[in-house]
>>> print(open('work.cif').read())   # mmCIF, C-alpha atoms
data_input
loop_
_atom_site.label_atom_id
_atom_site.label_comp_id
_atom_site.auth_asym_id
_atom_site.auth_seq_id
_atom_site.Cartn_x
_atom_site.Cartn_y
_atom_site.Cartn_z
CA MET T 1 -13.61 1.67 -6.94
CA LYS T 2 -12.92 1.47 -10.67
CA ARG T 3 -9.54 3.05 -10.05
CA LEU T 4 -8.80 0.42 -7.38
CA PHE T 5 -9.61 -2.46 -9.72
CA SER T 6 -7.53 -0.88 -12.49
CA ILE T 7 -4.51 -0.55 -10.22
CA LEU T 8 -5.05 -4.09 -8.95
CA ALA T 9 -5.14 -5.45 -12.51
CA ILE T 10 -2.00 -3.55 -13.50
CA SER T 11 -0.14 -4.72 -10.38
CA GLY T 12 -1.19 -8.31 -11.00
CA LEU T 13 -0.09 -8.26 -14.62
CA PHE T 14 3.24 -6.69 -13.66
CA LEU T 15 4.03 -9.26 -10.98
CA PHE T 16 2.80 -12.13 -13.16
CA GLY T 17 5.06 -10.97 -15.97
CA THR T 18 7.97 -10.73 -13.55
CA VAL T 19 7.46 -14.29 -12.33
CA GLN T 20 7.10 -15.59 -15.89
CA ALA T 21 10.29 -13.80 -16.93
CA GLN T 22 12.12 -15.30 -13.96
CA GLU T 23 10.88 -18.78 -14.84
CA SER T 24 12.09 -18.39 -18.42
CA ASP T 25 15.44 -17.09 -17.19
CA SER T 26 15.79 -20.02 -14.82
CA ILE T 27 15.04 -22.45 -17.65
CA GLN T 28 17.60 -20.79 -19.89
CA THR T 29 20.27 -20.76 -17.20
CA SER T 30 19.55 -24.36 -16.20
CA GLU T 31 20.38 -25.78 -19.67
CA PRO T 32 24.10 -24.94 -19.60
CA ALA T 33 24.20 -26.11 -16.00
CA VAL T 34 22.90 -29.54 -17.05
CA GLU T 35 25.51 -29.77 -19.79
CA THR T 36 28.22 -28.85 -17.29
CA VAL T 37 27.07 -31.56 -14.89
CA ALA T 38 27.12 -34.10 -17.70
CA GLU T 39 30.65 -33.14 -18.65
CA GLU T 40 32.09 -32.89 -15.13
CA THR T 41 32.29 -35.89 -12.85
CA SER T 42 33.79 -34.29 -9.79
CA GLN T 43 31.42 -33.28 -6.94
CA VAL T 44 33.89 -30.63 -5.79
CA ASP T 45 33.87 -28.92 -9.17
CA LEU T 46 30.06 -28.94 -9.22
CA THR T 47 29.90 -27.28 -5.81
CA ALA T 48 32.37 -24.62 -6.88
CA ASP T 49 30.35 -23.88 -10.03
CA ASP T 50 27.13 -23.53 -7.99
CA ALA T 51 28.84 -21.16 -5.58
CA ALA T 52 30.19 -19.06 -8.44
CA GLU T 53 26.76 -18.90 -10.10
CA SER T 54 25.13 -17.88 -6.82
CA SER T 55 27.66 -15.09 -6.29
CA GLU T 56 27.06 -13.75 -9.81
CA ARG T 57 23.29 -13.42 -9.29
CA SER T 58 22.01 -10.01 -8.31
CA PHE T 59 19.85 -9.42 -5.24
CA THR T 60 16.68 -9.22 -7.35
CA GLN T 61 17.48 -12.45 -9.18
CA GLU T 62 18.26 -14.18 -5.91
CA LEU T 63 15.00 -12.93 -4.43
CA LYS T 64 12.99 -14.22 -7.40
CA LEU T 65 14.75 -17.58 -7.27
CA ARG T 66 14.05 -17.97 -3.55
CA PHE T 67 10.43 -17.00 -4.14
CA ILE T 68 10.03 -19.76 -6.73
CA GLU T 69 11.73 -22.26 -4.41
CA GLY T 70 9.19 -21.43 -1.71
CA GLY T 71 6.43 -23.17 -3.65
CA PRO T 72 3.09 -21.93 -5.01
CA GLY T 73 1.04 -22.62 -1.89
CA PHE T 74 1.74 -20.09 0.83
CA MET T 75 3.94 -18.02 -1.46
CA GLY T 76 0.95 -17.36 -3.70
CA ILE T 77 -1.13 -16.18 -0.76
CA VAL T 78 1.68 -13.93 0.48
CA LEU T 79 2.05 -12.53 -3.05
CA LEU T 80 -1.70 -11.86 -3.14
CA CYS T 81 -1.39 -9.89 0.11
CA LEU T 82 1.37 -7.80 -1.47
CA ILE T 83 -0.64 -7.13 -4.66
CA LEU T 84 -3.83 -6.14 -2.83
CA GLY T 85 -1.95 -4.07 -0.26
CA LEU T 86 0.02 -2.19 -2.90
CA ALA T 87 -3.11 -1.61 -4.99
CA ILE T 88 -4.96 -0.06 -2.06
CA ALA T 89 -1.88 1.92 -1.00
CA ILE T 90 -1.35 3.37 -4.48
CA GLU T 91 -5.04 4.28 -4.77
CA ARG T 92 -4.95 6.03 -1.39
CA ILE T 93 -1.77 7.93 -2.23
CA ILE T 94 -3.28 9.18 -5.49
CA TYR T 95 -6.49 10.18 -3.73
CA LEU T 96 -4.67 11.96 -0.90
CA ASN T 97 -2.42 13.85 -3.27
CA LEU T 98 -5.48 15.00 -5.24
CA SER T 99 -7.14 16.02 -1.95
CA THR T 100 -4.30 18.34 -0.97
CA THR T 101 -5.38 21.97 -1.25
CA ASN T 102 -3.63 25.29 -0.79
CA SER T 103 -5.86 26.27 2.10
CA LYS T 104 -4.29 29.69 2.63
CA LYS T 105 -5.07 30.70 -0.95
CA LEU T 106 -8.57 29.26 -0.65
CA ILE T 107 -9.25 31.21 2.57
CA LYS T 108 -8.09 34.45 0.95
CA ASP T 109 -10.19 33.81 -2.18
CA VAL T 110 -13.29 33.03 -0.10
CA GLU T 111 -12.79 36.11 2.05
CA ASP T 112 -12.37 38.33 -1.01
CA ALA T 113 -15.41 36.79 -2.66
CA LEU T 114 -17.52 37.40 0.46
CA LYS T 115 -16.51 41.04 0.49
CA SER T 116 -17.10 41.60 -3.23
CA GLY T 117 -19.96 39.29 -4.18
CA GLY T 118 -21.42 37.84 -1.02
CA VAL T 119 -22.11 34.22 -0.10
CA ASN T 120 -22.95 33.07 -3.63
CA ALA T 121 -19.61 34.29 -4.96
CA ALA T 122 -17.78 32.52 -2.12
CA LYS T 123 -19.69 29.30 -2.82
CA GLU T 124 -18.71 29.55 -6.47
CA VAL T 125 -15.05 29.75 -5.45
CA CYS T 126 -15.49 26.56 -3.39
CA ARG T 127 -17.23 24.78 -6.27
CA ASN T 128 -14.29 25.52 -8.54
CA THR T 129 -11.75 24.19 -6.03
CA THR T 130 -11.07 20.49 -5.46
CA GLY T 131 -10.33 18.85 -2.15
CA PRO T 132 -12.06 18.27 1.20
CA VAL T 133 -11.30 21.77 2.51
CA ALA T 134 -13.28 23.38 -0.29
CA SER T 135 -16.16 20.93 0.28
CA ILE T 136 -16.26 21.79 3.97
CA PHE T 137 -16.21 25.49 3.16
CA TYR T 138 -19.12 25.06 0.78
CA GLN T 139 -21.22 23.29 3.41
CA GLY T 140 -20.53 26.06 5.93
CA LEU T 141 -21.33 28.83 3.45
CA ASP T 142 -24.51 27.05 2.38
CA ARG T 143 -25.89 27.31 5.93
CA VAL T 144 -24.58 30.71 6.91
CA ASP T 145 -28.03 32.24 6.33
CA HIS T 146 -29.26 30.22 9.33
CA GLY T 147 -26.61 31.71 11.56
CA VAL T 148 -22.95 31.24 12.32
CA GLU T 149 -23.65 28.45 14.81
CA SER T 150 -25.52 26.46 12.17
CA ALA T 151 -22.64 26.98 9.73
CA GLU T 152 -20.13 25.87 12.36
CA LYS T 153 -22.11 22.69 13.08
CA ALA T 154 -22.23 21.94 9.36
CA VAL T 155 -18.47 22.44 9.08
CA VAL T 156 -17.80 20.07 11.99
CA ALA T 157 -20.23 17.42 10.75
CA TYR T 158 -19.02 17.47 7.17
CA GLY T 159 -15.42 17.49 8.39
CA GLY T 160 -16.08 14.10 9.97
CA VAL T 161 -17.48 12.84 6.68
CA GLN T 162 -14.41 14.01 4.79
CA MET T 163 -12.13 12.41 7.38
CA GLY T 164 -13.89 9.11 6.80
CA GLN T 165 -13.30 9.46 3.05
CA LEU T 166 -9.60 10.06 3.66
CA GLU T 167 -9.28 6.98 5.86
CA LYS T 168 -11.29 4.72 3.54
CA ASN T 169 -9.71 1.26 2.95
CA VAL T 170 -6.62 2.12 5.04
CA SER T 171 -7.57 -0.57 7.56
CA TRP T 172 -7.16 -3.17 4.81
CA ILE T 173 -3.48 -2.25 4.47
CA SER T 174 -2.94 -2.84 8.18
CA LEU T 175 -4.73 -6.18 7.81
CA PHE T 176 -2.34 -7.30 5.06
CA ILE T 177 0.63 -6.09 7.13
CA ALA T 178 -0.45 -8.40 9.95
CA LEU T 179 -1.60 -11.24 7.68
CA ALA T 180 1.53 -11.63 5.52
CA PRO T 181 3.99 -12.63 8.30
CA MET T 182 1.32 -14.76 9.99
CA LEU T 183 0.87 -16.72 6.76
CA GLY T 184 4.66 -17.00 6.50
CA PHE T 185 4.89 -18.40 10.02
CA MET T 186 2.08 -20.85 9.26
CA GLY T 187 3.93 -22.06 6.16
CA THR T 188 7.07 -22.51 8.22
CA VAL T 189 5.27 -24.51 10.92
CA ILE T 190 3.59 -26.75 8.35
CA GLY T 191 6.94 -27.27 6.59
CA MET T 192 8.62 -28.22 9.86
CA ILE T 193 5.84 -30.70 10.63
CA GLN T 194 6.35 -32.29 7.21
CA ALA T 195 10.11 -32.44 7.82
CA PHE T 196 9.60 -34.26 11.13
CA ASP T 197 7.19 -36.65 9.41
CA LYS T 198 9.98 -37.55 6.98
CA ILE T 199 12.36 -38.15 9.88
CA GLN T 200 9.80 -40.37 11.58
CA ALA T 201 9.17 -42.33 8.40
CA ALA T 202 12.91 -42.79 7.72
CA GLY T 203 13.63 -43.87 11.28
CA ASN T 204 16.87 -41.89 11.54
CA MET T 205 18.03 -38.28 11.72
CA ASP T 206 19.50 -37.63 8.29
CA ALA T 207 20.17 -33.93 7.69
CA SER T 208 20.05 -34.26 3.91
CA LEU T 209 16.59 -35.80 4.20
CA VAL T 210 14.95 -32.73 5.71
CA ALA T 211 17.30 -29.84 4.91
CA GLY T 212 15.54 -28.95 1.66
CA GLY T 213 12.09 -29.02 3.24
CA ILE T 214 13.16 -26.89 6.18
CA LYS T 215 14.78 -24.34 3.84
CA VAL T 216 11.58 -24.03 1.80
CA ALA T 217 9.54 -23.70 4.99
CA LEU T 218 11.69 -20.84 6.28
CA LEU T 219 11.41 -19.01 2.94
CA THR T 220 7.70 -18.43 3.56
CA THR T 221 8.49 -16.54 6.75
CA VAL T 222 11.17 -14.46 5.03
CA PHE T 223 8.86 -13.34 2.23
CA GLY T 224 6.00 -12.75 4.65
CA LEU T 225 8.21 -10.35 6.59
CA ILE T 226 9.38 -8.66 3.38
CA VAL T 227 5.78 -8.04 2.32
CA ALA T 228 4.93 -6.66 5.77
CA ILE T 229 7.92 -4.28 5.68
CA ILE T 230 7.02 -2.96 2.22
CA LEU T 231 3.38 -2.37 3.13
CA GLN T 232 4.35 -0.82 6.48
CA VAL T 233 6.34 1.89 4.69
CA PHE T 234 3.35 2.77 2.49
CA TYR T 235 1.00 2.62 5.49
CA ASN T 236 3.07 5.05 7.55
CA TYR T 237 3.28 7.47 4.62
CA ILE T 238 -0.50 7.33 4.13
CA ILE T 239 -1.20 7.89 7.82
CA ALA T 240 1.18 10.86 7.90
CA LYS T 241 -0.48 12.30 4.79
CA ILE T 242 -3.95 11.91 6.31
CA ASP T 243 -2.85 13.61 9.55
CA SER T 244 -1.43 16.51 7.55
CA ILE T 245 -4.66 16.97 5.57
CA VAL T 246 -6.83 16.67 8.69
CA ASN T 247 -4.78 19.31 10.52
CA ASP T 248 -5.09 21.56 7.50
CA MET T 249 -8.85 20.99 7.47
CA GLU T 250 -9.17 21.91 11.14
CA ASP T 251 -7.09 25.09 10.82
CA ALA T 252 -8.98 26.14 7.71
CA SER T 253 -12.35 25.49 9.38
CA ILE T 254 -11.44 27.75 12.31
CA SER T 255 -10.44 30.47 9.87
CA LEU T 256 -13.71 30.08 7.97
CA VAL T 257 -15.78 30.46 11.13
CA ASP T 258 -13.88 33.63 12.01
CA ILE T 259 -14.51 34.99 8.50
CA LEU T 260 -18.22 34.19 8.75
CA VAL T 261 -18.48 35.89 12.16
CA ASP T 262 -16.93 39.06 10.74
CA TYR T 263 -19.20 38.85 7.69
CA LYS T 264 -22.39 38.50 9.76
CA ASN T 265 -21.42 41.31 12.13
CA LYS T 266 -21.05 43.82 9.31
#
>>> encode(input="work.cif", output="C-alpha cells")
Amino acid sequence: MKRLFSILAISGLFLFGTVQAQESDSIQTSEPAVETVAEETSQVDLTADDAAESSERSFTQELKLRFIEGGPGFMGIVLLCLILGLAIAIERIIYLNLSTTNSKKLIKDVEDALKSGGVNAAKEVCRNTTGPVASIFYQGLDRVDHGVESAEKAVVAYGGVQMGQLEKNVSWISLFIALAPMLGFMGTVIGMIQAFDKIQAAGNMDASLVAGGIKVALLTTVFGLIVAIILQVFYNYIIAKIDSIVNDMEDASISLVDILVDYKNK
C-alpha cells in the first residue's frame, strides 16, 4: 500500500508539473501573438498566422493545449482516472515482475534438497526463494508429514490465496477504463445542453455562438477515450502476466506433488 501511494504521489507531481509547464509555455507564446494582433489589422493575415502556429506545434503540445481548452471540470476528473489507473497499473507490474520465478530451477533445487537433506532442507530452499511458487512449495512441504494428500490440499488452497494476491486491485483498472469515456460522454452531453441553451436565449441559430462550446464539450470525450486506451494497454499486459504466472504455478504444483509422492514411497 505504501508503494501504491508513493507511485500515486510521483505520478501526480509529474502530471501537475507537465500542466504547469504547458500553462507557462502558453503564456509565453501568447505574448508575441498579442503584439502581432495589435500590429496587424487584416483578419486574413491573423487567420494565416494562427494556422501556421498550429502546424508548427507538435502532437504533445497540441494535446496539452486541447486538454487545457477542455476546462478544469470534467477534464480534471478524467485526469484523476488516468493518474489512479496508471499508479495501480505500475504497482501491479512491479509486483508481478518480482513474483516471477524460475520454477524449473526451483523444482530441481527442491528435489535435490529432499534427496540430500530431507524436508527441512527443501523448506529452507523455498524460504530463500521469492515469489508465489516458492510460497506454495513451502506450504506443501510443511504438511508432507501428514501425507501427500494433505500436502496436495495445502498446495491447492494456498495457490488460490496467491492467485488472489496477483489479481489484487486489478478490478480498479477496469473500473477506470469504463469510467473515463463515460465521464467524457457526460461532459459532452452537458456541453451540448449548454450550447442549446445559448441558442434558445439568443433566439437564432448562430454557429459562432455555440461553436466554441461544442468544441470544448467534444474534447472531454476525446480525452476520456485516450485515457481508456492507455489504461486498456496496461490492463491487457497485466492480465497476460497474471495468466502466465498462474500457469507456471499450476505446472510447478503438479511437479511438486509428483516429487513428494516419490519421496514418501522411498
>>> atom_distance(input="work.cif", atom1="atom CA of T:Pro132", atom2="atom CA of T:Gln162")
6.0 Å
>>> resolve_selection(input="work.cif", expression="the PyMOL selection byres ((chain T and resi 172-175) around 8)", output="PyMOL selection string")
chain T and resi 85+88-89+169-171+176-179+231-232+235
>>> residues_around(input="work.cif", residues="T:Val189", least_positions_apart="2", cutoff="12 Å", atoms="only C-alpha atoms", output="list in words")
Phe74, Met182, Leu183, Gly184, Phe185, Met186, Gly187, Gly191, Met192, Ile193, Gln194, Ala195, Phe196, Gly213, Ile214, Lys215, Val216, Ala217, Leu218, Leu219, Thr220 and Thr221 of chain T
>>> write_last_selection(input="work.cif", atoms="C-alpha atoms", output="mmCIF file, in the coordinates of the input")
data_model
loop_
_atom_site.group_PDB
_atom_site.id
_atom_site.type_symbol
_atom_site.label_atom_id
_atom_site.label_comp_id
_atom_site.auth_asym_id
_atom_site.auth_seq_id
_atom_site.Cartn_x
_atom_site.Cartn_y
_atom_site.Cartn_z
ATOM 1 C CA PHE T 74 1.740 -20.090 0.830
ATOM 2 C CA MET T 182 1.320 -14.760 9.990
ATOM 3 C CA LEU T 183 0.870 -16.720 6.760
ATOM 4 C CA GLY T 184 4.660 -17.000 6.500
ATOM 5 C CA PHE T 185 4.890 -18.400 10.020
ATOM 6 C CA MET T 186 2.080 -20.850 9.260
ATOM 7 C CA GLY T 187 3.930 -22.060 6.160
ATOM 8 C CA GLY T 191 6.940 -27.270 6.590
ATOM 9 C CA MET T 192 8.620 -28.220 9.860
ATOM 10 C CA ILE T 193 5.840 -30.700 10.630
ATOM 11 C CA GLN T 194 6.350 -32.290 7.210
ATOM 12 C CA ALA T 195 10.110 -32.440 7.820
ATOM 13 C CA PHE T 196 9.600 -34.260 11.130
ATOM 14 C CA GLY T 213 12.090 -29.020 3.240
ATOM 15 C CA ILE T 214 13.160 -26.890 6.180
ATOM 16 C CA LYS T 215 14.780 -24.340 3.840
ATOM 17 C CA VAL T 216 11.580 -24.030 1.800
ATOM 18 C CA ALA T 217 9.540 -23.700 4.990
ATOM 19 C CA LEU T 218 11.690 -20.840 6.280
ATOM 20 C CA LEU T 219 11.410 -19.010 2.940
ATOM 21 C CA THR T 220 7.700 -18.430 3.560
ATOM 22 C CA THR T 221 8.490 -16.540 6.750
#
>>> resolve_selection(input="work.cif", expression="the PyMOL selection byres ((chain T and resi 261-263) around 12)", output="JSON, numbers by chain")
{"T": [110, 111, 112, 113, 114, 115, 116, 117, 118, 119, 122, 140, 141, 144, 145, 147, 148, 149, 150, 151, 152, 254, 255, 256, 257, 258, 259, 260, 264, 265, 266]}
>>> atom_distance(input="work.cif", atom1="atom CA of T:Lys105", atom2="atom CA of T:Asn128")
13.0 Å
>>> atom_distance(input="work.cif", atom1="atom CA of T:Thr101", atom2="atom CA of T:Val156")
18.3 Å
>>> residues_near_point(input="work.cif", point="(-10.3, 13.2, 8.9)", cutoff="9 Å", atoms="only C-alpha atoms", output="PyMOL selection string")
chain T and resi 159-167+242-243+245-247+249
>>> residues_around(input="work.cif", residues="T:Ile229", least_positions_apart="5", cutoff="10 Å", atoms="all atoms listed in the file", output="list in words")
Ile177, Ala180, Pro181, Phe223, Gly224, Phe234 and Tyr235 of chain T
>>> write_last_selection(input="work.cif", atoms="C-alpha atoms", output="compact mmCIF listing (two decimals), keeping the file's coordinate frame")
# COMPACT_ATOMS: atom_id res chain seq x y z
CA ILE T 177 0.63 -6.09 7.13
CA ALA T 180 1.53 -11.63 5.52
CA PRO T 181 3.99 -12.63 8.30
CA PHE T 223 8.86 -13.34 2.23
CA GLY T 224 6.00 -12.75 4.65
CA PHE T 234 3.35 2.77 2.49
CA TYR T 235 1.00 2.62 5.49
